[in-house]
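Colleague: My questions all concern the structure below.
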Amino acid sequence: MDIIKKHLNKLAKKEKKILNKKQNIIEEKLEPLVDKVESKVPKSLKDTLDTAFYKSFKIVFEKGTKYIEKLYNKNKIQFNHNVNDYHISKRPDKKAIKKIDKHAQKSKFLNTSISAIEGAGLGFLGIGLPDIPLFTAMILKTIYEISLSYGFTYEMEEEKVYVLNIIKGALTSGETQQKYNLKVDKLADKIDNHINIIYDLDREIIHTARIISESMLTSKFIQGIPVVGVLGSITNYKIINKISEYASVKYKKRYLHNRR
């Protein structure tokens with residue numbers, strides 16, 4: 001199908017852009033300040049953040065998914081996908097594929113906005129750690145809605161491993177990001193072709209928690225300081241934005257590969 005191939009080529013370029021993304025001018029100028037702040041962050045905070053994110057993922061995976069699903073209409077998202085998928089299966093065109101993208105983009109905008117407001121509010125009060133379970137739930141809500149938009153679920157353990165590697169691929173850089181990006185593609189191929197994968201879910205959670213805490217370390221340190229902590233909202237926004245952008249590319253790519 002030419003239209004499918006065309007969209008896959010566009011996605012390949014978008015993916016390449018994400019993987020080769022460089023710092024903007026503002027980030028470059030702020031980097032020395034960030035490094036200085038990071039040098040002041042106690043190791044105990046890093047360990048605390050690792051543990052907090054680890055526990056948050058464990059709780060959400062084991063008990064929290066049903067509560068996250070109360071924040072969006074799962075059946076409606078799946079119904080809309082099935083309708084659009086039917087049209088694509090019969091006669092794929094740009095309009096049908098654009099409709100598939102619609103909810104994923106809407107989810108991205110809404111969740112990045114909520115995470116920024118939540119980060120700013122708690123930061124203003126000088127609260128740096130209690131919001132981690134909420135932020136973890138927001139990360140997973142974002143990915144869950146995107147996955148449903150492209151016809152995938154997230155209940156199976158293999159899909160949870162896929163979700164965790166989406167997060168790792170979004171928040172790392174350089175060779176590490178390339179490694180996780182390749183792993184995400186391999187996982188998708190094996191899951192969709194019903195090939196058994198070897199995994200340790202607990203270990204995947206540990207690695208994901210570590211990567212998120214590293215991404216948020218300076219933010220959470222600053223966020224513990226009243227008023228100045230409002231800056232934490234910027235990090236919340238950037239992280240959700242990175243994850244949603246990357247997740248949208250990977251799930252759409254996965255969907256289109258299965259539609260060829």
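In the structure tokens, each chain is lettered A, B, ... as it comes, each chain's residues begin at 1, and ligands are numbered from 1 in order of appearance.
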Residues near A:Lys252, anyone? I mean within 9 Å using only C-alpha atoms, not counting same-chain ones fewer than 5 positions away, as a ChimeraX atom specification.

Modeller: /A:8,11,100-101,146-147,149-150,247,257

Colleague: Export, as a PDB file, in the first residue's frame, the selected residues with C-alpha atoms.

Modeller:
```pdb
ATOM      1  CA  LEU A   8       6.305   4.962   7.287  1.00  0.00           C
ATOM      2  CA  LEU A  11       7.830   8.434  10.493  1.00  0.00           C
ATOM      3  CA  ILE A 100      -6.090   7.599  13.784  1.00  0.00           C
ATOM      4  CA  ASP A 101      -3.590  10.234  14.938  1.00  0.00           C
ATOM      5  CA  ILE A 146      -1.629   6.716  22.704  1.00  0.00           C
ATOM      6  CA  SER A 147      -1.443   2.917  22.620  1.00  0.00           C
ATOM      7  CA  SER A 149      -5.389   5.234  19.741  1.00  0.00           C
ATOM      8  CA  TYR A 150      -3.299   2.926  17.548  1.00  0.00           C
ATOM      9  CA  ALA A 247       5.441   7.026  22.015  1.00  0.00           C
ATOM     10  CA  HIS A 257       3.874  -2.124   9.954  1.00  0.00           C
TER      11      HIS A 257
END
```

Colleague: Show which residues sit within 12 Å of A:Thr176, as a VMD selection string. Count only C-alpha atoms, and ignore same-chain residues fewer than 6 positions away.

Modeller: chain A and resid 19 165 168 to 170 182 to 183 211

Colleague: Extract, using only C-alpha atoms, all DNA, RNA and protein residues at most 7 Å from stretch 82-89 of chain A, discarding same-chain residues fewer than 4 positions from it, and format them as a PyMOL selection string.

Modeller: chain A and resi 78+93+96+99-100

Colleague: Between A:Ile191, A:Ile212, A:Gln177, A:Tyr237, single out the one closest to A:Glu15, counting only C-alpha atoms.

Modeller: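 Ranked by minimum distance to A:Glu15, first place goes to A:Gln177.
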